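Visitor: data.cif is the file, holding mmCIF, C-alpha atoms:
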```cif
data_protein
#
loop_
_atom_site.group_PDB
_atom_site.id
_atom_site.type_symbol
_atom_site.label_atom_id
_atom_site.label_comp_id
_atom_site.auth_asym_id
_atom_site.auth_seq_id
_atom_site.Cartn_x
_atom_site.Cartn_y
_atom_site.Cartn_z
ATOM 1 C CA MET A 666 -30.379 -30.091 48.076
ATOM 2 C CA ALA A 667 -31.033 -26.633 46.660
ATOM 3 C CA ARG A 668 -28.229 -25.195 48.805
ATOM 4 C CA ASN A 669 -25.792 -27.770 47.454
ATOM 5 C CA ILE A 670 -26.748 -26.904 43.870
ATOM 6 C CA LEU A 671 -26.325 -23.181 44.546
ATOM 7 C CA SER A 672 -22.968 -23.711 46.227
ATOM 8 C CA ARG A 673 -21.759 -25.781 43.282
ATOM 9 C CA LYS A 674 -22.836 -23.076 40.825
ATOM 10 C CA GLU A 675 -21.083 -20.409 42.870
ATOM 11 C CA GLY A 676 -17.939 -22.531 43.049
ATOM 12 C CA SER A 677 -17.954 -23.155 39.292
ATOM 13 C CA SER A 678 -18.543 -19.462 38.539
ATOM 14 C CA ARG A 679 -15.641 -18.481 40.807
ATOM 15 C CA LEU A 680 -13.430 -21.065 39.147
ATOM 16 C CA GLY A 681 -14.452 -19.794 35.709
ATOM 17 C CA SER A 682 -13.781 -16.184 36.628
ATOM 18 C CA SER A 683 -10.415 -17.167 38.102
ATOM 19 C CA LEU A 684 -9.446 -19.004 34.914
ATOM 20 C CA GLN A 685 -10.594 -16.032 32.868
ATOM 21 C CA ARG A 686 -8.414 -13.674 34.891
ATOM 22 C CA GLN A 687 -5.446 -16.009 34.474
ATOM 23 C CA LYS A 688 -5.978 -16.117 30.716
ATOM 24 C CA LEU A 689 -6.172 -12.343 30.508
ATOM 25 C CA LEU A 690 -3.041 -12.019 32.643
ATOM 26 C CA PHE A 691 -1.188 -14.499 30.443
ATOM 27 C CA VAL A 692 -2.209 -12.633 27.267
ATOM 28 C CA PHE A 693 -1.240 -9.278 28.811
ATOM 29 C CA ILE A 694 2.187 -10.559 29.906
ATOM 30 C CA GLY A 695 2.789 -12.162 26.515
ATOM 31 C CA LEU A 696 1.830 -9.061 24.540
ATOM 32 C CA THR A 697 3.604 -6.493 26.738
ATOM 33 C CA PRO A 698 7.107 -6.915 25.186
ATOM 34 C CA ILE A 699 5.663 -6.841 21.669
ATOM 35 C CA MET A 700 3.581 -3.738 22.398
ATOM 36 C CA LEU A 701 6.608 -2.020 23.936
ATOM 37 C CA VAL A 702 8.712 -2.693 20.852
ATOM 38 C CA TYR A 703 5.865 -1.571 18.591
ATOM 39 C CA GLY A 704 5.353 1.590 20.623
ATOM 40 C CA ILE A 705 9.058 2.486 20.559
ATOM 41 C CA THR A 706 9.570 1.753 16.855
ATOM 42 C CA ARG A 707 6.191 2.886 15.488
ATOM 43 C CA ILE A 708 4.036 5.007 17.780
ATOM 44 C CA TRP A 709 6.789 7.155 19.316
ATOM 45 C CA PRO A 710 8.311 8.212 15.943
ATOM 46 C CA ILE A 711 4.854 9.270 14.756
ATOM 47 C CA ILE A 712 4.348 11.383 17.875
ATOM 48 C CA ARG A 713 7.837 12.873 17.477
ATOM 49 C CA THR A 714 7.111 13.726 13.835
ATOM 50 C CA PHE A 715 3.915 15.546 14.757
ATOM 51 C CA THR A 716 5.787 17.458 17.479
ATOM 52 C CA LEU A 717 8.802 18.252 15.323
ATOM 53 C CA SER A 718 6.592 19.696 12.581
ATOM 54 C CA LEU A 719 5.764 22.584 14.924
ATOM 55 C CA TYR A 720 9.419 23.620 15.272
ATOM 56 C CA ASP A 721 12.116 25.192 13.131
ATOM 57 C CA SER A 722 14.613 22.368 13.479
ATOM 58 C CA ASP A 723 17.664 21.169 11.592
ATOM 59 C CA LEU A 724 20.384 18.559 11.993
ATOM 60 C CA VAL A 725 23.066 21.052 13.041
ATOM 61 C CA THR A 726 21.604 23.347 15.691
ATOM 62 C CA PRO A 727 20.545 21.537 18.881
ATOM 63 C CA GLU A 728 18.083 24.290 19.819
ATOM 64 C CA LYS A 729 14.643 24.124 18.208
ATOM 65 C CA LYS A 730 12.463 27.208 17.809
ATOM 66 C CA PHE A 731 8.721 26.755 18.204
ATOM 67 C CA ILE A 732 6.932 28.257 15.184
ATOM 68 C CA GLY A 733 3.488 26.650 15.440
ATOM 69 C CA LEU A 734 1.804 26.015 12.104
ATOM 70 C CA GLU A 735 4.265 28.062 10.069
ATOM 71 C CA ASN A 736 5.695 24.978 8.359
ATOM 72 C CA TYR A 737 2.207 23.979 7.213
ATOM 73 C CA THR A 738 1.384 27.443 5.892
ATOM 74 C CA SER A 739 4.660 27.436 3.972
ATOM 75 C CA LEU A 740 3.609 24.249 2.193
ATOM 76 C CA VAL A 741 0.713 26.098 0.570
ATOM 77 C CA ASP A 742 3.131 28.289 -1.405
ATOM 78 C CA ASP A 743 5.714 25.563 -2.025
ATOM 79 C CA ASP A 744 5.523 24.658 -5.723
ATOM 80 C CA ALA A 745 7.935 21.744 -5.280
ATOM 81 C CA PHE A 746 5.719 20.203 -2.598
ATOM 82 C CA LYS A 747 2.562 20.664 -4.682
ATOM 83 C CA GLN A 748 4.187 19.093 -7.742
ATOM 84 C CA ALA A 749 5.489 16.177 -5.673
ATOM 85 C CA PHE A 750 2.056 15.682 -4.122
ATOM 86 C CA LEU A 751 0.401 15.712 -7.564
ATOM 87 C CA ASN A 752 2.895 13.217 -8.984
ATOM 88 C CA THR A 753 2.473 10.920 -6.004
ATOM 89 C CA THR A 754 -1.318 11.069 -6.268
ATOM 90 C CA LEU A 755 -1.241 10.278 -9.993
ATOM 91 C CA PHE A 756 1.165 7.418 -9.322
ATOM 92 C CA ALA A 757 -1.073 6.061 -6.555
ATOM 93 C CA VAL A 758 -4.262 6.295 -8.630
ATOM 94 C CA GLY A 759 -2.678 4.557 -11.610
ATOM 95 C CA THR A 760 -1.084 1.836 -9.488
ATOM 96 C CA VAL A 761 -4.154 1.117 -7.348
ATOM 97 C CA VAL A 762 -6.675 1.044 -10.184
ATOM 98 C CA ALA A 763 -4.557 -1.034 -12.558
ATOM 99 C CA SER A 764 -3.179 -3.514 -10.009
ATOM 100 C CA VAL A 765 -6.523 -4.154 -8.284
ATOM 101 C CA VAL A 766 -8.552 -4.485 -11.496
ATOM 102 C CA LEU A 767 -5.974 -6.680 -13.239
ATOM 103 C CA GLY A 768 -5.368 -8.665 -10.050
ATOM 104 C CA LEU A 769 -9.093 -9.359 -9.738
ATOM 105 C CA ALA A 770 -9.317 -10.344 -13.415
ATOM 106 C CA LEU A 771 -6.386 -12.752 -13.093
ATOM 107 C CA ALA A 772 -7.807 -14.193 -9.873
ATOM 108 C CA LEU A 773 -11.150 -14.869 -11.563
ATOM 109 C CA ILE A 774 -9.480 -16.442 -14.600
ATOM 110 C CA LEU A 775 -7.256 -18.732 -12.535
ATOM 111 C CA THR A 776 -10.108 -19.847 -10.255
ATOM 112 C CA GLN A 777 -12.827 -20.197 -12.879
ATOM 113 C CA PHE A 778 -11.030 -21.564 -15.942
ATOM 114 C CA ILE A 779 -7.727 -23.092 -14.738
ATOM 115 C CA PRO A 780 -8.291 -25.771 -12.054
ATOM 116 C CA ARG A 781 -4.596 -26.333 -11.285
ATOM 117 C CA SER A 782 -3.223 -22.824 -11.284
ATOM 118 C CA GLY A 783 -0.444 -23.180 -8.706
ATOM 119 C CA LEU A 784 2.347 -22.705 -11.252
ATOM 120 C CA TYR A 785 0.679 -19.597 -12.704
ATOM 121 C CA GLN A 786 0.210 -18.133 -9.237
ATOM 122 C CA LEU A 787 3.900 -18.700 -8.508
ATOM 123 C CA ILE A 788 4.944 -17.006 -11.749
ATOM 124 C CA TYR A 789 2.795 -13.945 -11.066
ATOM 125 C CA PHE A 790 3.805 -13.782 -7.391
ATOM 126 C CA LEU A 791 7.581 -13.957 -7.953
ATOM 127 C CA PRO A 792 7.986 -10.253 -8.899
ATOM 128 C CA PHE A 793 6.452 -9.213 -5.574
ATOM 129 C CA VAL A 794 9.112 -10.991 -3.495
ATOM 130 C CA MET A 795 12.000 -9.672 -5.603
ATOM 131 C CA PRO A 796 14.029 -6.795 -4.071
ATOM 132 C CA ILE A 797 12.941 -3.467 -5.482
ATOM 133 C CA VAL A 798 16.446 -2.157 -6.304
ATOM 134 C CA PRO A 799 17.470 -4.891 -8.804
ATOM 135 C CA VAL A 800 13.952 -4.852 -10.248
ATOM 136 C CA ALA A 801 14.172 -1.084 -10.812
ATOM 137 C CA ILE A 802 17.610 -1.459 -12.409
ATOM 138 C CA VAL A 803 16.311 -4.114 -14.815
ATOM 139 C CA TRP A 804 13.315 -1.988 -15.786
ATOM 140 C CA ARG A 805 15.567 1.021 -16.242
ATOM 141 C CA TRP A 806 17.518 -1.045 -18.753
ATOM 142 C CA ILE A 807 14.249 -2.083 -20.453
ATOM 143 C CA TYR A 808 13.295 1.588 -20.874
ATOM 144 C CA ASP A 809 16.786 2.683 -22.000
ATOM 145 C CA PRO A 810 16.545 4.787 -25.207
ATOM 146 C CA SER A 811 19.766 3.427 -26.717
ATOM 147 C CA TYR A 812 19.770 -0.322 -26.085
ATOM 148 C CA GLY A 813 16.606 -0.989 -24.086
ATOM 149 C CA LEU A 814 14.480 -4.042 -24.774
ATOM 150 C CA LEU A 815 11.268 -2.023 -25.152
ATOM 151 C CA ASN A 816 12.704 0.292 -27.808
ATOM 152 C CA TRP A 817 14.146 -2.714 -29.625
ATOM 153 C CA PHE A 818 10.650 -4.244 -29.714
ATOM 154 C CA LEU A 819 9.033 -0.980 -30.849
ATOM 155 C CA SER A 820 11.569 -0.692 -33.684
ATOM 156 C CA TRP A 821 9.899 -3.707 -35.329
ATOM 157 C CA PHE A 822 6.873 -1.493 -35.974
ATOM 158 C CA GLY A 823 8.907 1.481 -37.199
ATOM 159 C CA ILE A 824 8.471 3.470 -33.978
ATOM 160 C CA PRO A 825 11.485 5.682 -33.226
ATOM 161 C CA LYS A 826 13.388 5.331 -29.991
ATOM 162 C CA GLN A 827 11.710 6.865 -26.949
ATOM 163 C CA ALA A 828 13.363 8.251 -23.815
ATOM 164 C CA PHE A 829 10.633 7.037 -21.469
ATOM 165 C CA LEU A 830 12.369 8.044 -18.237
ATOM 166 C CA PHE A 831 13.788 11.335 -19.501
ATOM 167 C CA TYR A 832 10.562 13.359 -19.320
ATOM 168 C CA PRO A 833 8.362 13.476 -16.197
ATOM 169 C CA GLU A 834 5.167 13.066 -18.255
ATOM 170 C CA THR A 835 6.211 9.651 -19.582
ATOM 171 C CA GLY A 836 8.594 8.647 -16.806
ATOM 172 C CA LEU A 837 5.900 8.665 -14.136
ATOM 173 C CA TRP A 838 3.640 6.308 -16.072
ATOM 174 C CA ALA A 839 6.577 4.104 -17.038
ATOM 175 C CA ILE A 840 7.264 3.588 -13.343
ATOM 176 C CA VAL A 841 3.553 2.948 -12.764
ATOM 177 C CA VAL A 842 3.754 0.079 -15.272
ATOM 178 C CA MET A 843 6.735 -1.387 -13.429
ATOM 179 C CA ASN A 844 5.038 -1.043 -10.044
ATOM 180 C CA VAL A 845 1.817 -2.662 -11.283
ATOM 181 C CA TRP A 846 3.849 -5.560 -12.688
ATOM 182 C CA LYS A 847 5.485 -5.976 -9.288
ATOM 183 C CA VAL A 848 2.417 -5.855 -7.003
ATOM 184 C CA ILE A 849 -0.211 -7.456 -9.213
ATOM 185 C CA GLY A 850 0.820 -10.960 -8.114
ATOM 186 C CA TYR A 851 0.273 -10.160 -4.437
ATOM 187 C CA ASN A 852 -3.179 -8.710 -5.095
ATOM 188 C CA MET A 853 -4.047 -11.686 -7.272
ATOM 189 C CA VAL A 854 -3.078 -14.250 -4.608
ATOM 190 C CA ILE A 855 -5.020 -12.457 -1.867
ATOM 191 C CA LEU A 856 -8.096 -12.236 -4.091
ATOM 192 C CA ILE A 857 -7.794 -15.917 -5.042
ATOM 193 C CA VAL A 858 -7.856 -16.825 -1.348
ATOM 194 C CA GLY A 859 -10.973 -14.706 -0.923
ATOM 195 C CA ILE A 860 -12.704 -16.264 -3.942
ATOM 196 C CA ARG A 861 -11.968 -19.808 -2.767
ATOM 197 C CA ALA A 862 -13.321 -18.946 0.683
ATOM 198 C CA ILE A 863 -16.773 -18.232 -0.794
ATOM 199 C CA PRO A 864 -19.032 -21.277 -0.195
ATOM 200 C CA THR A 865 -19.899 -23.088 -3.431
ATOM 201 C CA LEU A 866 -23.473 -23.391 -2.162
ATOM 202 C CA TYR A 867 -24.238 -19.856 -3.333
ATOM 203 C CA ASN A 868 -22.952 -20.473 -6.844
ATOM 204 C CA GLU A 869 -24.791 -23.771 -7.142
ATOM 205 C CA ALA A 870 -28.059 -22.191 -6.008
ATOM 206 C CA ALA A 871 -27.638 -19.371 -8.528
ATOM 207 C CA GLU A 872 -26.922 -21.812 -11.349
ATOM 208 C CA ILE A 873 -30.032 -23.804 -10.454
ATOM 209 C CA ASP A 874 -32.038 -20.581 -10.724
ATOM 210 C CA GLY A 875 -30.645 -20.067 -14.227
ATOM 211 C CA ALA A 876 -27.994 -17.418 -13.528
ATOM 212 C CA ASN A 877 -25.123 -17.180 -16.001
ATOM 213 C CA ARG A 878 -21.450 -16.639 -15.162
ATOM 214 C CA PHE A 879 -21.691 -12.864 -15.365
ATOM 215 C CA SER A 880 -24.702 -12.762 -13.025
ATOM 216 C CA VAL A 881 -22.946 -15.015 -10.519
ATOM 217 C CA LEU A 882 -19.881 -12.798 -10.692
ATOM 218 C CA ARG A 883 -21.862 -9.569 -10.282
ATOM 219 C CA TYR A 884 -24.372 -10.562 -7.617
ATOM 220 C CA ILE A 885 -22.507 -13.237 -5.623
ATOM 221 C CA THR A 886 -18.724 -13.275 -6.115
ATOM 222 C CA VAL A 887 -17.973 -9.549 -6.048
ATOM 223 C CA PRO A 888 -20.317 -8.661 -3.125
ATOM 224 C CA LEU A 889 -18.944 -11.488 -0.977
ATOM 225 C CA LEU A 890 -15.407 -10.544 -1.992
ATOM 226 C CA LYS A 891 -15.696 -6.885 -0.910
ATOM 227 C CA PRO A 892 -13.882 -7.312 2.447
ATOM 228 C CA VAL A 893 -10.899 -8.813 0.602
ATOM 229 C CA ILE A 894 -11.060 -6.112 -2.076
ATOM 230 C CA LEU A 895 -11.064 -3.516 0.697
ATOM 231 C CA PHE A 896 -7.914 -5.025 2.203
ATOM 232 C CA VAL A 897 -6.173 -5.041 -1.182
ATOM 233 C CA LEU A 898 -7.226 -1.433 -1.847
ATOM 234 C CA VAL A 899 -5.931 -0.197 1.508
ATOM 235 C CA VAL A 900 -2.599 -2.045 1.321
ATOM 236 C CA THR A 901 -1.962 -0.988 -2.289
ATOM 237 C CA THR A 902 -2.868 2.651 -1.568
ATOM 238 C CA ILE A 903 -0.511 2.845 1.406
ATOM 239 C CA GLY A 904 2.324 1.285 -0.584
ATOM 240 C CA ALA A 905 1.732 3.538 -3.604
ATOM 241 C CA TYR A 906 1.786 6.763 -1.583
ATOM 242 C CA ASN A 907 5.042 5.687 0.080
ATOM 243 C CA VAL A 908 6.846 5.071 -3.211
ATOM 244 C CA PHE A 909 10.467 6.194 -3.251
ATOM 245 C CA THR A 910 13.049 3.547 -4.146
ATOM 246 C CA SER A 911 11.763 2.699 -7.617
ATOM 247 C CA VAL A 912 11.506 6.369 -8.636
ATOM 248 C CA TYR A 913 14.912 7.180 -7.158
ATOM 249 C CA VAL A 914 16.706 4.282 -8.863
ATOM 250 C CA MET A 915 14.994 4.545 -12.239
ATOM 251 C CA THR A 916 15.210 8.333 -12.687
ATOM 252 C CA GLN A 917 18.360 9.279 -10.823
ATOM 253 C CA SER A 918 20.902 10.899 -13.198
ATOM 254 C CA THR A 919 18.663 10.502 -16.245
ATOM 255 C CA THR A 920 19.146 14.243 -16.659
ATOM 256 C CA ALA A 921 21.824 16.700 -15.586
ATOM 257 C CA SER A 922 19.643 17.768 -12.644
ATOM 258 C CA GLY A 923 19.359 14.252 -11.241
ATOM 259 C CA ASN A 924 15.929 13.006 -10.226
ATOM 260 C CA ASN A 925 13.457 14.568 -12.669
ATOM 261 C CA ILE A 926 10.235 13.180 -11.140
ATOM 262 C CA PRO A 927 9.563 14.784 -7.741
ATOM 263 C CA ILE A 928 7.549 12.633 -5.355
ATOM 264 C CA LEU A 929 6.372 13.261 -1.833
ATOM 265 C CA VAL A 930 8.690 10.872 0.006
ATOM 266 C CA GLY A 931 11.572 12.182 -2.092
ATOM 267 C CA GLU A 932 10.770 15.739 -1.042
ATOM 268 C CA ILE A 933 10.678 14.650 2.589
ATOM 269 C CA TYR A 934 14.056 12.961 2.189
ATOM 270 C CA ASN A 935 15.640 15.969 0.481
ATOM 271 C CA ASN A 936 14.360 18.523 2.982
ATOM 272 C CA ALA A 937 15.346 16.395 5.960
ATOM 273 C CA PHE A 938 18.772 15.051 5.006
ATOM 274 C CA ARG A 939 20.004 17.258 2.154
ATOM 275 C CA TYR A 940 18.793 20.657 3.305
ATOM 276 C CA SER A 941 18.641 19.887 7.079
ATOM 277 C CA LYS A 942 15.062 21.197 7.340
ATOM 278 C CA MET A 943 13.789 18.560 9.753
ATOM 279 C CA GLY A 944 10.775 20.553 10.949
ATOM 280 C CA TYR A 945 9.658 21.313 7.408
ATOM 281 C CA ALA A 946 10.156 17.694 6.336
ATOM 282 C CA SER A 947 8.162 16.542 9.368
ATOM 283 C CA SER A 948 5.233 18.733 8.315
ATOM 284 C CA GLU A 949 5.332 17.099 4.875
ATOM 285 C CA ALA A 950 5.374 13.671 6.522
ATOM 286 C CA VAL A 951 2.351 14.637 8.627
ATOM 287 C CA ILE A 952 0.474 15.698 5.481
ATOM 288 C CA LEU A 953 1.319 12.349 3.891
ATOM 289 C CA PHE A 954 0.091 10.527 7.001
ATOM 290 C CA VAL A 955 -3.182 12.481 7.082
ATOM 291 C CA VAL A 956 -3.838 11.932 3.367
ATOM 292 C CA VAL A 957 -3.243 8.172 3.565
ATOM 293 C CA LEU A 958 -5.376 7.930 6.715
ATOM 294 C CA ALA A 959 -8.209 9.903 5.081
ATOM 295 C CA LEU A 960 -8.114 7.745 1.946
ATOM 296 C CA THR A 961 -8.161 4.597 4.078
ATOM 297 C CA LEU A 962 -11.212 5.803 6.000
ATOM 298 C CA ILE A 963 -12.952 6.765 2.748
ATOM 299 C CA GLN A 964 -12.285 3.316 1.323
ATOM 300 C CA PHE A 965 -13.657 1.679 4.464
ATOM 301 C CA ARG A 966 -16.750 3.860 4.329
ATOM 302 C CA PHE A 967 -17.340 3.375 0.604
ATOM 303 C CA VAL A 968 -16.846 -0.399 0.497
ATOM 304 C CA ARG A 969 -18.686 -1.137 3.745
ATOM 305 C CA SER A 970 -21.656 1.013 2.733
ATOM 306 C CA ASP A 971 -22.291 -1.364 -0.159
ATOM 307 C CA THR A 972 -22.029 -4.560 1.873
#
```
Any chance you could give the structure as structure tokens?
Guide:
Amino acid sequence: MARNILSRKEGSSRLGSSLQRQKLLFVFIGLTPIMLVYGITRIWPIIRTFTLSLYDSDLVTPEKKFIGLENYTSLVDDDAFKQAFLNTTLFAVGTVVASVVLGLALALILTQFIPRSGLYQLIYFLPFVMPIVPVAIVWRWIYDPSYGLLNWFLSWFGIPKQAFLFYPETGLWAIVVMNVWKVIGYNMVILIVGIRAIPTLYNEAAEIDGANRFSVLRYITVPLLKPVILFVLVVTTIGAYNVFTSVYVMTQSTTASGNNIPILVGEIYNNAFRYSKMGYASSEAVILFVVVLALTLIQFRFVRSDT
């Protein structure tokens, strides 16, 4: 009797292990084409960029001269790179802070005070799905000093016409406003999903204990929402540091010198395709990659340490 039981257990364990191996094989076969495409289109270009940054390479000469870290040391004395990096960082800080804070505020308002908020969510989300080029063109018209809608509105209060995109000091923040308007709907929708995923049991228990709305928000909603806030922070930071199209479209030819707001991706583009300095542009791309990766890790560490 005992032998029969043991033999049945051994047979079932063998069958289970066989099924497990078949499942793993099926998953491996199914994911192999996807991983190959991802490796060719994503991983390999990153490796090539790191390698190319160690060479003096251009688009004309097929031979590449190995120069080690010379491209990186040249960046230290490159005023154009430092200005582009500063502008990009200011743009990213303004976009991330404003879009996440306002997105969270809108998400709380629509979930707490407006029961049927589907129409409002659609209205706020529409700018995010719009193509960036026509959006940038429309906002460039809004900021136009001669016939722009914003200057027309400011004229009601006796404010003279302003060339918002003409000067880098105002143009950068004008583009920040446009970018926040565009991405705030996405952040809001993601945060609404996170808020609605919080069990109502916690809120009901807090209300029974006499907690007000602010206490529930501070001690229950926000702490339980931190994983979603982390996701929104990371995605918004990556998108902000990779800004290019909106700045290019909105500031191109606003002055005789063309683009008057240098940004990091713009510098990479110019060095690579206008000046044929592929190795130098690759080193700038590596710096951008390292900075975004470091900020992502810091955000993970900071948010997770409080959870």
Visitor: Quick one: apply the PyMOL selection byres ((chain A and resi 736) around 12) to the file and drop the selected residues here as a PyMOL selection string.
Guide: chain A and resi 715-722+730-735+737-743+746+942-952
Visitor: Measuring between all atoms listed in the file, which one of A:Glu932, A:Phe954, A:Phe896, A:Pro780 shows the shortest distance to Ala745 of chain A?
Guide: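 Among A:Glu932, A:Phe954, A:Phe896, A:Pro780, it is A:Glu932 that comes nearest to Ala745 of chain A.
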Visitor: Measuring atom to atom with all atoms listed in the file, identify which of A:Tyr812, A:Phe831, A:Tyr906, A:Tyr789 is nearest to Ile849 of chain A.
Guide: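 Of A:Tyr812, A:Phe831, A:Tyr906, A:Tyr789, the one nearest Ile849 of chain A is A:Tyr789, counting all atoms listed in the file.
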Visitor: Using only C-alpha atoms, give me every residue within 8 Å of (12.2, 10.2, -8.0) in file coordinates, as a ChimeraX atom specification.
Guide: /A:909-917,924-928,931
Visitor: Residues within 12 Å of (-24.2, -14.0, -12.5), file coordinates, counting all atoms listed in the file: what are they? Give the list as a list in words.
Guide: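 Counting all atoms listed in the file, I find these residues within 12 Å of (-24.2, -14.0, -12.5): Tyr867, Asn868, Glu869, Ala870, Ala871, Glu872, Ile873, Asp874, Gly875, Ala876, Asn877, Arg878, Phe879, Ser880, Val881, Leu882, Arg883, Tyr884, Ile885, Thr886, Val887 and Pro888 of chain A.
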Visitor: Pull C-alpha atoms from the residues just selected and write them as a JSON list (two decimals), in the frame of the given file.
Guide:
```json
[["chain", "number", "residue", "atom", "x", "y", "z"],
["A", 867, "TYR", "CA", -24.24, -19.86, -3.33],
["A", 868, "ASN", "CA", -22.95, -20.47, -6.84],
["A", 869, "GLU", "CA", -24.79, -23.77, -7.14],
["A", 870, "ALA", "CA", -28.06, -22.19, -6.01],
["A", 871, "ALA", "CA", -27.64, -19.37, -8.53],
["A", 872, "GLU", "CA", -26.92, -21.81, -11.35],
["A", 873, "ILE", "CA", -30.03, -23.80, -10.45],
["A", 874, "ASP", "CA", -32.04, -20.58, -10.72],
["A", 875, "GLY", "CA", -30.64, -20.07, -14.23],
["A", 876, "ALA", "CA", -27.99, -17.42, -13.53],
["A", 877, "ASN", "CA", -25.12, -17.18, -16.00],
["A", 878, "ARG", "CA", -21.45, -16.64, -15.16],
["A", 879, "PHE", "CA", -21.69, -12.86, -15.36],
["A", 880, "SER", "CA", -24.70, -12.76, -13.02],
["A", 881, "VAL", "CA", -22.95, -15.02, -10.52],
["A", 882, "LEU", "CA", -19.88, -12.80, -10.69],
["A", 883, "ARG", "CA", -21.86, -9.57, -10.28],
["A", 884, "TYR", "CA", -24.37, -10.56, -7.62],
["A", 885, "ILE", "CA", -22.51, -13.24, -5.62],
["A", 886, "THR", "CA", -18.72, -13.28, -6.12],
["A", 887, "VAL", "CA", -17.97, -9.55, -6.05],
["A", 888, "PRO", "CA", -20.32, -8.66, -3.12]]
```
Visitor: Which of these, A:Phe750, A:Phe778, A:Phe938, A:Phe818, has the shortest distance to Val908 of chain A once you count all atoms listed in the file?
Guide: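 Closest to Val908 of chain A of all the choices is A:Phe750.
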Visitor: Name the residues that the PyMOL selection byres ((chain A and resi 965) around 12) picks from the file above, as a PyMOL selection string, using the file's chain letters and numbers.
Guide: chain A and resi 891-899+958-964+966-972
Visitor: Restricted to C-alpha atoms, what would the selected residues look like written as a short mmCIF file (atom, residue, chain, number, x, y, z; two decimals), in the coordinates of the input?
Guide:
```cif
data_model
loop_
_atom_site.label_atom_id
_atom_site.label_comp_id
_atom_site.auth_asym_id
_atom_site.auth_seq_id
_atom_site.Cartn_x
_atom_site.Cartn_y
_atom_site.Cartn_z
CA LYS A 891 -15.70 -6.88 -0.91
CA PRO A 892 -13.88 -7.31 2.45
CA VAL A 893 -10.90 -8.81 0.60
CA ILE A 894 -11.06 -6.11 -2.08
CA LEU A 895 -11.06 -3.52 0.70
CA PHE A 896 -7.91 -5.03 2.20
CA VAL A 897 -6.17 -5.04 -1.18
CA LEU A 898 -7.23 -1.43 -1.85
CA VAL A 899 -5.93 -0.20 1.51
CA LEU A 958 -5.38 7.93 6.72
CA ALA A 959 -8.21 9.90 5.08
CA LEU A 960 -8.11 7.74 1.95
CA THR A 961 -8.16 4.60 4.08
CA LEU A 962 -11.21 5.80 6.00
CA ILE A 963 -12.95 6.76 2.75
CA GLN A 964 -12.28 3.32 1.32
CA ARG A 966 -16.75 3.86 4.33
CA PHE A 967 -17.34 3.38 0.60
CA VAL A 968 -16.85 -0.40 0.50
CA ARG A 969 -18.69 -1.14 3.74
CA SER A 970 -21.66 1.01 2.73
CA ASP A 971 -22.29 -1.36 -0.16
CA THR A 972 -22.03 -4.56 1.87
#
```
Visitor: Tell me, counting all atoms listed in the file, for each residue of segment 793-884 of chain A within 8 Å of segment 758-761 of chain A, which pair of atoms is nearest and how far apart they are in Å to one decimal, in rows ordered by chain and increasing number, as a tab-separated table.
Guide:
```
residue	atom	partner	partner_atom	distance
A:Trp838	CA	A:Gly759	CA	7.9
A:Val841	CA	A:Thr760	CA	5.8
A:Val842	CA	A:Thr760	CA	7.7
A:Asn844	CA	A:Thr760	CA	6.8
A:Val845	CA	A:Thr760	CA	5.6
```
Visitor: Please indicate the distance in Å from atom CA of Arg805 of chain A to atom CA of Asn936 of chain A, rounded to one decimal place.
Guide: 26.0 Å
Visitor: Neighbours of Ser811 of chain A within 12 Å (all atoms listed in the file; same-chain residues fewer than 6 positions away dropped), as number ranges by chain?
Guide: A: 805, 817, 820, 825-829
Visitor: Step by step, work through what the PyMOL selection byres ((chain A and resi 857) around 9) selects in the shown file, and finish by giving those residues as a list in words.
Guide: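 With the PyMOL selection byres ((chain A and resi 857) around 9) on this model, the match is Leu769, Leu771, Ala772, Leu773, Leu775, Thr776, Asn852, Met853, Val854, Ile855, Leu856, Val858, Gly859, Ile860, Arg861 and Ala862 of chain A.
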Visitor: Which residue gives the smallest distance to Thr901 of chain A among A:Val848, A:Val930, A:Ala937, A:Leu701, with only C-alpha atoms counted?
Guide: A:Val848
Visitor: Would you place a box with edges along x, y and z of the file around all atoms of segment 831-849 of chain A listed there, add 4 Å to each of its six sides, and report the centre and edge lengths in Å to one decimal, as AutoDock Vina command-line options?
Guide:
```
--center_x 6.8 --center_y 3.0 --center_z -13.3 --size_x 22.0 --size_y 28.9 --size_z 20.6
```
Visitor: Rounded to one decimal place, report the atom CA of Phe693 of chain A-atom CA of Arg713 of chain A distance in Å.
Guide: 26.5 Å
Visitor: Neighbours of Asn752 of chain A within 9 Å (all atoms listed in the file; same-chain residues fewer than 3 positions away dropped), as a list in words?
Guide: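 Residues meeting the cut-off are Lys747, Gln748, Ala749, Leu755, Phe756, Ala757, Leu837, Ile926, Pro927, Ile928 and Leu929 of chain A.
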Visitor: Report as a PyMOL selection string all protein, DNA and RNA residues lying within 8 Å of Phe790 of chain A, evaluated on only C-alpha atoms, omitting residues in the same chain fewer than 2 positions from it.
Guide: chain A and resi 786-788+792-794+849-851+854
Visitor: Could you work out how far atom CA of Tyr703 of chain A lies from atom CA of Leu684 of chain A, giving the answer in Å with one decimal?
Guide: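 Atom CA of Tyr703 of chain A lies at a distance of 28.4 Å from atom CA of Leu684 of chain A.
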